[in-house]
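Structure, as structure tokens:
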Amino acid sequence: MKKVLILAEHKKGSLKKASLELTGASKGMEVSAIVFGSDAKAAADDLAAKGVQNVFWVKDAKFDHYHPEAYAAAMDQVVSQVKPNIILGNASSLGKDLIAKMAARLDAPLAADCTEATIQPDIKLRRPFFSGKAVGTIEFEPAELVCITVRPNSLAPGEVSSTAGKVNELAVNFDFASSAVQFVGKTEGSSDKPDLTEAAIIVSGGRSMKTKENFKILNELADVLGAAVGASRAAVDEGLASHDMQVGQTGKTVNPKLYIANGISGAIQHLAGMRTSKVIVAINKDAAAPLFQKADYGIVGDLFVIVPLLTKEFKKLLGKA
Amino acid sequence: MALKIGVLLKHVPDTNSRIQLKGEMIDETDIKYVINPYDEFAIEEAIKTKDLWVKGGEQVEIVGICLGPTAAQKSLRDAFAVGVDRGIHILDNDKKAIDARSVSQALAKVCAEEKFNLIFAGKQAVDTDAHAVAQMVAERLKMPHIAVVSKCEWTGATSAKVERDIEGGMKEIYTVKMPALLTANKGLNKMRLASLPGIRAASKKEIKEVPLPEVKAGYKVKGWSLPPERGKVKLIEGEPEKQAAELVRLLHEEAKVV
Ligand SMILES: Cc1cc2nc3c(=O)[nH]c(=O)nc-3n(C[C@H](O)[C@H](O)[C@H](O)COP(=O)(O)OP(=O)(O)OC[C@H]3O[C@@H](n4cnc5c(N)ncnc54)[C@H](O)[C@@H]3O)c2cc1C
């Protein structure tokens, strides 16, 4: 039976939904997981409760923040102990970096940012190429160990088994003081909303928002839906939104179940970032806007009229009025 | 002491290109190729760093490294025009290096011979989008790396303070001592335009062509397809109030996403 090692992630202690997509994919398998940070106890317990047999919790506060070499040293220790056949992570800031590093260290094949992933009984992977303009099936060459990262919101969350596993505290041998890299600090995020790359719903605005203040109507709609707010590059370049909100080729790649685009024309580079969204809604006053060709639902109209009405209707629907 | 900066750059389809299939393969006939947009930030940062060090009395050379078919030399020439000094082209007309594993093996081999003090790369290439090759090169060279850098500030002769973009608009801040590899994100800088003398000089700069080293790809890509087309858009007509109410109903009852 193939053995899986999951790189799990948490936010302030609570296990990310994207990590549960990985446990779901490993149902019934022999699974270990690693999770970092002194504040990760709840996440570690949750992994064990979800049937991960061996949870390795790196509790040392020096590991509260990402340090590529130090985290790789921890992964090394777990890899040599459990000898996994698959290292599985999310295509997140952490997963994309650390799993690539481990793939090189172990000289293992790596399939990054898969949008379709089955790992048992056989591995079946598909991933986008050319920013989603084509999709290809990955066929690994024979290998003892393969590394896979999966784009958040691609798989159904689930548990490995109903039998709880155990949490092991992992002490890692790493000399932080003599490392060429030192962590100095972290800036706070710009919003309390879910991150774009993990959000289930995204409300986004383009150049047509005209001012930064006007994003307020998108924020209000997003708050009702528990959504994240995104932007087109034109909106970012004109200073209406910050770069971390940019969706597209040179911004974030998102994968929500619902993407509501307000006054976004639908340039190919914007599509590159959001085309895998399950349902796309386009609101645009120009009936000829290219995004209508790629959308599931559309309203030809003025976003400044439509968006506040949507907020009102969703409030009614969700009992928040 | 002379300092050497490496820049990893890739020749990729212009982001405006339409991708089409010919049988089961990607049809490349109509694709226009350019320097990977993220590599432009890497090139610019290399030039800025060189300028800074040269001012400090150092001798600095920037070497562009590109793996790809013969046509990929165009990206090296374009990089020369803005200030990269010379190039190494790892020739792979047969597309043997097709994944992050094999590409990183080849690049690391060539980088090791050059003994770079500093390497810049784009955070990802917009064709394969693996976001992995540069980190893997660093690891194979046993060089520390920080990826997705949007700010790089030299604080000493061999150390820099860098900001890495992560989820939620947050930034992780590190100090890094050379030798090191950094991958560039949008926001780091904007690549300068080539000057006329720059363009003229570019045709005279040296490209060393080297054969692809022995590499082992980790996978094959089979079964290409284009992303599934969505059905025709359902346009919602009527007065704005009715449109909004109907859209909410459809998202709830038909699409079941709210
Ligand atoms: C290398 C490269 C990388 C790029 N990367 C990205 C990227 O990551 N992300 C990205 O988004 N773009 C990217 N672009 C830019 C992209 O090509 C487009 O320029 C950009 O997406 C356009 O943004 P927009 O839709 O907001 O603006 P526009 O194209 O100007 O469209 C504005 C739209 O708003 C509509 N509108 C105006 N007023 C209203 C109103 N009151 N109500 C309703 N509708 C209204 C208009 O009809 C129009 O369709 C990139 C380009 C290049 C060359």
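Labeling convention for the structure tokens: chains A, B, ... as they appear, residues from 1 per chain, ligands from 1 in order of appearance.
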
Please return, as number ranges by chain, all residues of stretch 68-162 of chain B that DSSP assigns to strand (DSSP E or B) on the basis of the backbone. B: 68, 86-91, 118-122, 145-154, 159-162

Rows by chain and residue number, chain A within 6 Å of ligand 1, shortest pair, only C-alpha atoms and all ligand atoms, as a Markdown table:
```
| residue | atom | partner | partner_atom_place_in_ligand_line | distance |
| --- | --- | --- | --- | --- |
| A:Gly206 | CA | ligand 1 | 26 (O) | 3.1 |
| A:Arg207 | CA | ligand 1 | 26 (O) | 3.8 |
| A:Ser208 | CA | ligand 1 | 37 (C) | 4.2 |
| A:Ser232 | CA | ligand 1 | 11 (O) | 3.4 |
| A:Arg233 | CA | ligand 1 | 10 (C) | 3.9 |
| A:Ala234 | CA | ligand 1 | 23 (O) | 4.2 |
| A:Ala235 | CA | ligand 1 | 26 (O) | 5.5 |
| A:Gln246 | CA | ligand 1 | 9 (N) | 5.9 |
| A:Val247 | CA | ligand 1 | 9 (N) | 5.0 |
| A:Gly248 | CA | ligand 1 | 8 (O) | 3.2 |
| A:Gln249 | CA | ligand 1 | 8 (O) | 3.7 |
| A:Thr250 | CA | ligand 1 | 8 (O) | 3.6 |
| A:Gly251 | CA | ligand 1 | 8 (O) | 4.2 |
| A:Gly263 | CA | ligand 1 | 34 (O) | 3.5 |
| A:Ile264 | CA | ligand 1 | 25 (O) | 3.4 |
| A:Ser265 | CA | ligand 1 | 49 (O) | 3.5 |
| A:Gly266 | CA | ligand 1 | 25 (O) | 5.6 |
| A:Ala267 | CA | ligand 1 | 21 (O) | 4.9 |
| A:Gln269 | CA | ligand 1 | 13 (C) | 4.6 |
| A:His270 | CA | ligand 1 | 11 (O) | 3.8 |
| A:Ile283 | CA | ligand 1 | 43 (C) | 5.9 |
| A:Asn284 | CA | ligand 1 | 44 (N) | 3.5 |
| A:Lys285 | CA | ligand 1 | 43 (C) | 4.2 |
| A:Asp286 | CA | ligand 1 | 47 (O) | 4.4 |
| A:Ala289 | CA | ligand 1 | 49 (O) | 5.0 |
| A:Gly301 | CA | ligand 1 | 43 (C) | 5.8 |
| A:Asp302 | CA | ligand 1 | 42 (N) | 3.6 |
| A:Leu303 | CA | ligand 1 | 42 (N) | 3.9 |
| A:Phe304 | CA | ligand 1 | 41 (N) | 5.8 |
```

12 Å contact set for B:Val148, only C-alpha atoms, chain neighbours under 3 positions out, as JSON, numbers by chain: {"A": [92, 93, 94, 96, 97, 250, 251], "B": [38, 39, 41, 42, 120, 121, 122, 123, 124, 131, 132, 134, 135, 145, 151, 152, 162, 163, 164, 165, 166, 167, 170, 171, 172, 173, 181, 182, 183, 184, 185, 186, 187, 188]}

Keeping only N, CA and C atoms, write the selected residues as a compact mmCIF listing (two decimals), in the first residue's frame.
```
# COMPACT_ATOMS: atom_id res chain seq x y z
N SER A 92 -0.07 26.27 -2.39
CA SER A 92 -0.17 27.49 -1.60
C SER A 92 1.21 28.13 -1.57
N SER A 93 1.33 29.28 -0.93
CA SER A 93 2.66 29.90 -0.80
C SER A 93 3.65 28.93 -0.19
N LEU A 94 3.23 28.24 0.87
CA LEU A 94 4.11 27.30 1.53
C LEU A 94 4.33 26.04 0.69
N LYS A 96 3.89 25.33 -2.52
CA LYS A 96 4.59 25.47 -3.80
C LYS A 96 6.09 25.59 -3.59
N ASP A 97 6.48 26.22 -2.49
CA ASP A 97 7.90 26.45 -2.24
C ASP A 97 8.57 25.24 -1.61
N THR A 250 -0.59 37.82 -14.10
CA THR A 250 0.47 38.33 -13.24
C THR A 250 -0.07 38.62 -11.84
N GLY A 251 -1.16 37.96 -11.50
CA GLY A 251 -1.71 38.09 -10.15
C GLY A 251 -2.00 36.71 -9.60
N TYR B 38 7.62 37.29 -15.68
CA TYR B 38 8.25 37.36 -14.36
C TYR B 38 9.78 37.42 -14.46
N ASP B 39 10.32 36.86 -15.55
CA ASP B 39 11.78 36.91 -15.72
C ASP B 39 12.24 38.33 -16.02
N PHE B 41 11.25 40.90 -14.44
CA PHE B 41 11.54 41.50 -13.13
C PHE B 41 12.90 41.02 -12.62
N ALA B 42 13.21 39.77 -12.91
CA ALA B 42 14.50 39.21 -12.48
C ALA B 42 15.65 39.91 -13.21
N PHE B 120 18.98 35.38 -9.96
CA PHE B 120 17.60 35.83 -9.99
C PHE B 120 16.83 34.97 -11.00
N ALA B 121 15.55 34.75 -10.69
CA ALA B 121 14.67 34.06 -11.63
C ALA B 121 13.27 34.64 -11.46
N GLY B 122 12.38 34.39 -12.41
CA GLY B 122 10.98 34.76 -12.21
C GLY B 122 10.33 33.77 -11.28
N LYS B 123 9.25 34.16 -10.62
CA LYS B 123 8.65 33.24 -9.64
C LYS B 123 8.02 32.02 -10.32
N GLN B 124 7.60 32.19 -11.57
CA GLN B 124 7.09 31.04 -12.32
C GLN B 124 7.15 31.39 -13.80
N HIS B 131 6.00 26.95 -10.85
CA HIS B 131 6.41 27.70 -9.67
C HIS B 131 7.42 26.87 -8.88
N ALA B 132 8.30 26.19 -9.54
CA ALA B 132 9.15 25.23 -8.84
C ALA B 132 10.60 25.19 -9.31
N ALA B 134 13.03 27.28 -10.10
CA ALA B 134 14.09 28.07 -9.48
C ALA B 134 14.44 27.55 -8.09
N GLN B 135 13.41 27.23 -7.30
CA GLN B 135 13.68 26.67 -5.97
C GLN B 135 14.48 25.38 -6.10
N HIS B 145 17.39 30.08 -0.80
CA HIS B 145 16.55 30.85 -1.72
C HIS B 145 15.40 31.49 -0.96
N LYS B 151 10.38 42.90 -2.95
CA LYS B 151 11.24 44.02 -2.54
C LYS B 151 12.59 43.45 -2.15
N CYS B 152 13.65 44.09 -2.61
CA CYS B 152 15.00 43.61 -2.31
C CYS B 152 15.86 44.83 -2.04
N VAL B 162 14.83 41.10 2.11
CA VAL B 162 13.87 40.86 1.04
C VAL B 162 12.47 40.61 1.60
N GLU B 163 11.48 40.98 0.81
CA GLU B 163 10.09 40.73 1.21
C GLU B 163 9.49 39.71 0.26
N ARG B 164 8.85 38.72 0.85
CA ARG B 164 8.23 37.65 0.06
C ARG B 164 6.71 37.77 0.21
N ASP B 165 6.01 37.76 -0.90
CA ASP B 165 4.54 37.87 -0.88
C ASP B 165 3.92 36.52 -0.57
N ILE B 166 3.02 36.51 0.40
CA ILE B 166 2.28 35.26 0.67
C ILE B 166 0.78 35.56 0.67
N GLU B 167 -0.03 34.58 1.09
CA GLU B 167 -1.48 34.75 1.04
C GLU B 167 -1.96 35.96 1.83
N MET B 170 -0.14 39.40 2.82
CA MET B 170 0.92 39.50 3.83
C MET B 170 2.30 39.33 3.19
N LYS B 171 3.29 39.84 3.87
CA LYS B 171 4.67 39.70 3.40
C LYS B 171 5.52 39.12 4.51
N GLU B 172 6.34 38.16 4.16
CA GLU B 172 7.34 37.64 5.10
C GLU B 172 8.65 38.36 4.78
N ILE B 173 9.33 38.82 5.80
CA ILE B 173 10.56 39.58 5.58
C ILE B 173 11.75 38.78 6.09
N LEU B 181 19.64 32.58 -4.10
CA LEU B 181 18.78 32.69 -5.29
C LEU B 181 17.47 33.34 -4.86
N LEU B 182 17.02 34.31 -5.65
CA LEU B 182 15.76 35.00 -5.36
C LEU B 182 14.84 34.87 -6.56
N THR B 183 13.54 34.62 -6.32
CA THR B 183 12.61 34.63 -7.44
C THR B 183 11.72 35.86 -7.35
N ALA B 184 11.48 36.47 -8.51
CA ALA B 184 10.86 37.78 -8.57
C ALA B 184 9.36 37.71 -8.79
N ASN B 185 8.65 38.54 -8.05
CA ASN B 185 7.21 38.70 -8.26
C ASN B 185 6.95 40.06 -8.88
N LYS B 186 5.76 40.23 -9.41
CA LYS B 186 5.34 41.54 -9.87
C LYS B 186 5.41 42.50 -8.68
N GLY B 187 5.78 43.72 -8.91
CA GLY B 187 5.89 44.67 -7.81
C GLY B 187 7.33 44.95 -7.45
N LEU B 188 8.24 44.01 -7.81
CA LEU B 188 9.65 44.18 -7.48
C LEU B 188 10.23 45.38 -8.21
```

Surrounding residues of A:Ala171 excluding itself and chain neighbours under 3 positions, 9 Å, only C-alpha atoms, as a PDB file with N, CA and C atoms, in the first residue's frame:
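This is the output file result-v4.pdb:
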```
ATOM      1  N   TRP A  57       3.924  17.129  14.721  1.00  0.00           N
ATOM      2  CA  TRP A  57       3.697  18.534  15.038  1.00  0.00           C
ATOM      3  C   TRP A  57       5.032  19.173  15.431  1.00  0.00           C
ATOM      4  N   VAL A  58       5.490  20.105  14.618  1.00  0.00           N
ATOM      5  CA  VAL A  58       6.719  20.831  14.927  1.00  0.00           C
ATOM      6  C   VAL A  58       6.322  22.028  15.788  1.00  0.00           C
ATOM      7  N   LYS A  59       6.487  21.836  17.086  1.00  0.00           N
ATOM      8  CA  LYS A  59       5.893  22.750  18.061  1.00  0.00           C
ATOM      9  C   LYS A  59       6.798  23.931  18.396  1.00  0.00           C
ATOM     10  N   ASP A  60       8.093  23.751  18.172  1.00  0.00           N
ATOM     11  CA  ASP A  60       9.088  24.774  18.504  1.00  0.00           C
ATOM     12  C   ASP A  60       8.699  26.122  17.866  1.00  0.00           C
ATOM     13  N   ALA A  74      12.978  19.642   8.721  1.00  0.00           N
ATOM     14  CA  ALA A  74      11.901  18.927   9.409  1.00  0.00           C
ATOM     15  C   ALA A  74      11.285  17.878   8.480  1.00  0.00           C
TER      16      ALA A  74
END
```

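For A:Gly298, the set of protein, DNA and RNA residues having any atom at most 10 Å away, when counting only C-alpha atoms and skipping those fewer than 4 positions along the same chain, is Ile260, Ala261, Ile280, Val281, Ala282, Ile283, Asn284, Ala287, Leu291, Phe292, Gln293 and Lys294 of chain A; Val233, Lys234, Leu235, Ile236, Glu237, Gln243 and Leu247 of chain B.
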
Expected file: the selected residues, C-alpha atoms, as a PDB file, in the first residue's frame:
```
ATOM      1  CA  ILE A 260     -18.708  37.565  -9.756  1.00  0.00           C
ATOM      2  CA  ALA A 261     -16.886  39.916 -12.148  1.00  0.00           C
ATOM      3  CA  ILE A 280     -18.804  32.769 -13.438  1.00  0.00           C
ATOM      4  CA  VAL A 281     -21.107  35.781 -13.334  1.00  0.00           C
ATOM      5  CA  ALA A 282     -20.390  38.795 -15.538  1.00  0.00           C
ATOM      6  CA  ILE A 283     -21.884  42.184 -14.839  1.00  0.00           C
ATOM      7  CA  ASN A 284     -20.978  44.685 -17.520  1.00  0.00           C
ATOM      8  CA  ALA A 287     -23.146  43.568 -24.011  1.00  0.00           C
ATOM      9  CA  LEU A 291     -16.286  37.981 -20.523  1.00  0.00           C
ATOM     10  CA  PHE A 292     -19.907  37.258 -21.452  1.00  0.00           C
ATOM     11  CA  GLN A 293     -18.499  34.545 -23.744  1.00  0.00           C
ATOM     12  CA  LYS A 294     -16.921  32.820 -20.764  1.00  0.00           C
TER      13      LYS A 294
ATOM     14  CA  VAL B 233     -24.231  32.496 -21.009  1.00  0.00           C
ATOM     15  CA  LYS B 234     -27.659  32.973 -19.476  1.00  0.00           C
ATOM     16  CA  LEU B 235     -28.364  36.697 -19.783  1.00  0.00           C
ATOM     17  CA  ILE B 236     -30.827  38.021 -17.282  1.00  0.00           C
ATOM     18  CA  GLU B 237     -33.191  40.630 -18.667  1.00  0.00           C
ATOM     19  CA  GLN B 243     -32.346  41.172 -12.699  1.00  0.00           C
ATOM     20  CA  LEU B 247     -29.610  36.220 -10.501  1.00  0.00           C
TER      21      LEU B 247
END
```

Contacts of B:Ile43 within 8 Å, only C-alpha atoms, excl. fewer than 3 positions in-chain, as a PyMOL selection string: chain B and resi 7+39-40+46-47+79+84+120-121+191

Closest atom pairs, chain A residues within 6 Å of chain B, only C-alpha atoms, as CSV:
```
residue,atom,partner,partner_atom,distance
A:Ser93,CA,B:Ile166,CA,5.6
A:Ala100,CA,B:Ala132,CA,5.2
A:Lys101,CA,B:Met136,CA,5.4
A:Ala104,CA,B:Met136,CA,5.0
A:Pro109,CA,B:Gly218,CA,4.1
A:Ala112,CA,B:Ala130,CA,5.4
A:Phe129,CA,B:Thr128,CA,5.2
A:Phe130,CA,B:Asp127,CA,4.1
A:Ala134,CA,B:Leu226,CA,4.5
A:Val135,CA,B:Ser225,CA,5.3
A:Gly136,CA,B:Trp224,CA,4.4
A:Thr137,CA,B:Lys222,CA,5.0
A:Ile138,CA,B:Val221,CA,4.9
A:Glu139,CA,B:Lys220,CA,5.2
A:Phe140,CA,B:Tyr219,CA,4.1
A:Glu141,CA,B:Tyr219,CA,5.1
A:Ala180,CA,B:Lys177,CA,5.0
A:Val181,CA,B:Val176,CA,4.6
A:Gln182,CA,B:Thr175,CA,5.2
A:Phe183,CA,B:Tyr174,CA,4.5
A:Val184,CA,B:Tyr174,CA,5.1
A:Gly185,CA,B:Ile173,CA,5.1
A:Lys186,CA,B:Glu172,CA,4.5
A:Thr187,CA,B:Lys171,CA,5.2
A:Glu188,CA,B:Met170,CA,5.5
A:Gly189,CA,B:Met170,CA,4.5
A:Ser190,CA,B:Gly169,CA,5.9
A:Asp195,CA,B:Gly168,CA,4.8
A:Asp244,CA,B:Gly169,CA,4.9
A:Ala295,CA,B:Val233,CA,5.5
A:Asp296,CA,B:Val233,CA,4.6
A:Tyr297,CA,B:Lys234,CA,4.7
A:Gly298,CA,B:Leu235,CA,4.6
A:Ile299,CA,B:Ile236,CA,5.4
A:Leu309,CA,B:Ala244,CA,5.9
A:Leu310,CA,B:Ala244,CA,5.2
A:Glu313,CA,B:Ala245,CA,5.9
```

Generate the output file for the selected residues, N, CA, C and O atoms, as a short mmCIF file (atom, residue, chain, number, x, y, z; two decimals), in the first residue's frame.
```cif
data_model
loop_
_atom_site.label_atom_id
_atom_site.label_comp_id
_atom_site.auth_asym_id
_atom_site.auth_seq_id
_atom_site.Cartn_x
_atom_site.Cartn_y
_atom_site.Cartn_z
N SER A 93 1.33 29.28 -0.93
CA SER A 93 2.66 29.90 -0.80
C SER A 93 3.65 28.93 -0.19
O SER A 93 4.78 28.80 -0.65
N ALA A 100 8.54 21.93 -3.71
CA ALA A 100 9.50 21.99 -4.82
C ALA A 100 10.91 21.73 -4.28
O ALA A 100 11.69 20.97 -4.86
N LYS A 101 11.22 22.36 -3.16
CA LYS A 101 12.54 22.18 -2.56
C LYS A 101 12.78 20.72 -2.20
O LYS A 101 13.85 20.16 -2.49
N ALA A 104 13.46 18.48 -5.23
CA ALA A 104 14.84 18.54 -5.71
C ALA A 104 15.76 17.79 -4.75
O ALA A 104 16.64 17.04 -5.17
N PRO A 109 10.07 13.15 -8.93
CA PRO A 109 9.20 13.88 -9.86
C PRO A 109 8.22 14.77 -9.10
O PRO A 109 7.79 14.42 -8.00
N ALA A 112 3.06 19.93 -10.04
CA ALA A 112 2.64 21.06 -9.23
C ALA A 112 1.29 21.59 -9.68
O ALA A 112 0.96 21.54 -10.86
N PHE A 129 -1.89 24.05 -18.11
CA PHE A 129 -0.67 24.62 -18.68
C PHE A 129 -1.07 25.92 -19.37
O PHE A 129 -2.25 26.16 -19.61
N PHE A 130 -0.08 26.74 -19.72
CA PHE A 130 -0.35 28.00 -20.40
C PHE A 130 -1.44 28.78 -19.68
O PHE A 130 -2.43 29.20 -20.29
N ALA A 134 -4.74 25.37 -21.65
CA ALA A 134 -4.77 23.95 -22.00
C ALA A 134 -4.62 23.14 -20.72
O ALA A 134 -4.12 23.64 -19.72
N VAL A 135 -5.09 21.91 -20.77
CA VAL A 135 -4.97 21.03 -19.61
C VAL A 135 -4.29 19.75 -20.08
O VAL A 135 -4.57 19.27 -21.18
N GLY A 136 -3.40 19.21 -19.26
CA GLY A 136 -2.70 17.99 -19.66
C GLY A 136 -2.75 16.94 -18.57
O GLY A 136 -2.85 17.26 -17.38
N THR A 137 -2.68 15.67 -18.97
CA THR A 137 -2.64 14.57 -18.02
C THR A 137 -1.18 14.25 -17.71
O THR A 137 -0.36 14.14 -18.63
N ILE A 138 -0.87 14.13 -16.43
CA ILE A 138 0.49 13.86 -16.01
C ILE A 138 0.69 12.37 -15.84
O ILE A 138 -0.08 11.71 -15.13
N GLU A 139 1.70 11.84 -16.53
CA GLU A 139 2.02 10.42 -16.33
C GLU A 139 3.42 10.32 -15.77
O GLU A 139 4.41 10.51 -16.47
N PHE A 140 3.51 10.03 -14.47
CA PHE A 140 4.81 9.94 -13.83
C PHE A 140 5.65 8.81 -14.42
O PHE A 140 5.11 7.74 -14.76
N GLU A 141 6.94 9.05 -14.51
CA GLU A 141 7.86 7.95 -14.79
C GLU A 141 7.93 7.11 -13.51
O GLU A 141 7.68 7.63 -12.42
N ALA A 180 22.04 31.16 6.42
CA ALA A 180 22.22 32.37 5.61
C ALA A 180 20.92 33.16 5.49
O ALA A 180 20.92 34.29 5.05
N VAL A 181 19.83 32.52 5.89
CA VAL A 181 18.52 33.18 5.82
C VAL A 181 18.00 33.40 7.24
O VAL A 181 18.03 32.49 8.06
N GLN A 182 17.59 34.60 7.53
CA GLN A 182 17.00 34.88 8.84
C GLN A 182 15.62 35.49 8.64
O GLN A 182 15.46 36.43 7.86
N PHE A 183 14.65 34.97 9.37
CA PHE A 183 13.32 35.55 9.34
C PHE A 183 13.33 36.81 10.19
O PHE A 183 13.80 36.79 11.32
N VAL A 184 12.83 37.91 9.65
CA VAL A 184 12.84 39.15 10.43
C VAL A 184 11.45 39.57 10.88
O VAL A 184 11.29 40.15 11.95
N GLY A 185 10.45 39.29 10.07
CA GLY A 185 9.11 39.72 10.48
C GLY A 185 8.10 39.44 9.41
O GLY A 185 8.40 38.89 8.35
N LYS A 186 6.87 39.80 9.73
CA LYS A 186 5.77 39.54 8.81
C LYS A 186 4.84 40.75 8.88
O LYS A 186 4.58 41.25 9.97
N THR A 187 4.38 41.20 7.73
CA THR A 187 3.44 42.31 7.77
C THR A 187 2.03 41.76 7.87
O THR A 187 1.76 40.64 7.44
N GLU A 188 1.15 42.52 8.46
CA GLU A 188 -0.23 42.09 8.58
C GLU A 188 -0.91 42.16 7.22
O GLU A 188 -0.53 42.96 6.36
N GLY A 189 -1.90 41.35 7.02
CA GLY A 189 -2.65 41.37 5.76
C GLY A 189 -3.51 42.61 5.67
O GLY A 189 -3.74 43.31 6.65
N SER A 190 -3.99 42.88 4.45
CA SER A 190 -4.76 44.10 4.26
C SER A 190 -6.23 43.92 4.59
O SER A 190 -6.98 44.88 4.63
N ASP A 195 -8.60 34.53 2.00
CA ASP A 195 -7.64 34.78 0.94
C ASP A 195 -8.23 34.38 -0.41
O ASP A 195 -8.95 33.40 -0.53
N ASP A 244 -2.06 42.53 -4.15
CA ASP A 244 -2.42 41.19 -3.66
C ASP A 244 -3.87 40.85 -4.01
O ASP A 244 -4.30 39.73 -3.83
N ALA A 295 -18.84 33.41 -19.40
CA ALA A 295 -19.60 33.41 -18.15
C ALA A 295 -20.77 32.44 -18.22
O ALA A 295 -21.20 32.03 -19.30
N ASP A 296 -21.27 32.04 -17.04
CA ASP A 296 -22.45 31.20 -16.98
C ASP A 296 -23.71 32.07 -16.91
O ASP A 296 -24.73 31.75 -17.48
N TYR A 297 -23.62 33.16 -16.13
CA TYR A 297 -24.74 34.08 -15.99
C TYR A 297 -24.24 35.48 -16.27
O TYR A 297 -23.09 35.81 -15.95
N GLY A 298 -25.11 36.31 -16.85
CA GLY A 298 -24.68 37.67 -17.13
C GLY A 298 -25.80 38.66 -16.94
O GLY A 298 -26.98 38.34 -17.11
N ILE A 299 -25.41 39.85 -16.52
CA ILE A 299 -26.35 40.96 -16.51
C ILE A 299 -25.70 42.10 -17.28
O ILE A 299 -24.58 42.52 -16.95
N LEU A 309 -28.05 46.19 -5.35
CA LEU A 309 -29.28 45.40 -5.36
C LEU A 309 -28.99 43.94 -5.05
O LEU A 309 -29.75 43.27 -4.34
N LEU A 310 -27.86 43.45 -5.57
CA LEU A 310 -27.48 42.06 -5.27
C LEU A 310 -27.23 41.89 -3.78
O LEU A 310 -27.64 40.90 -3.18
N GLU A 313 -30.49 41.58 -2.11
CA GLU A 313 -31.16 40.29 -2.37
C GLU A 313 -30.49 39.14 -1.63
O GLU A 313 -31.15 38.26 -1.09
#
```

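Counting only C-alpha atoms and comparing A:Ile202, A:Leu170, A:Ala61, A:Met245, the residue that lies closest to A:Leu225 is A:Ile202.
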
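Neighbouring residues of A:His10 at 7 Å or closer, counting only C-alpha atoms and skipping chain neighbours under 3 positions away, are Gly13, Ser14, Leu15, Lys16, Ala40 and Ala43 of chain A.
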
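Nearest to A:His67 of all the residues A:Val279, A:Ala18, A:Leu98, A:Leu221 is A:Leu98, based on only C-alpha atoms.
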
So the first atom is atom CA of A:Asn168 and the second is atom CA of A:Ala49; what is the distance between them in Å, to one decimal place? 13.4 Å

Looking only at the backbone, which of the residues in stretch 100-165 of chain B does DSSP tag as helix (DSSP H, G or I), as a PyMOL selection string? chain B and resi 100-114+133-141
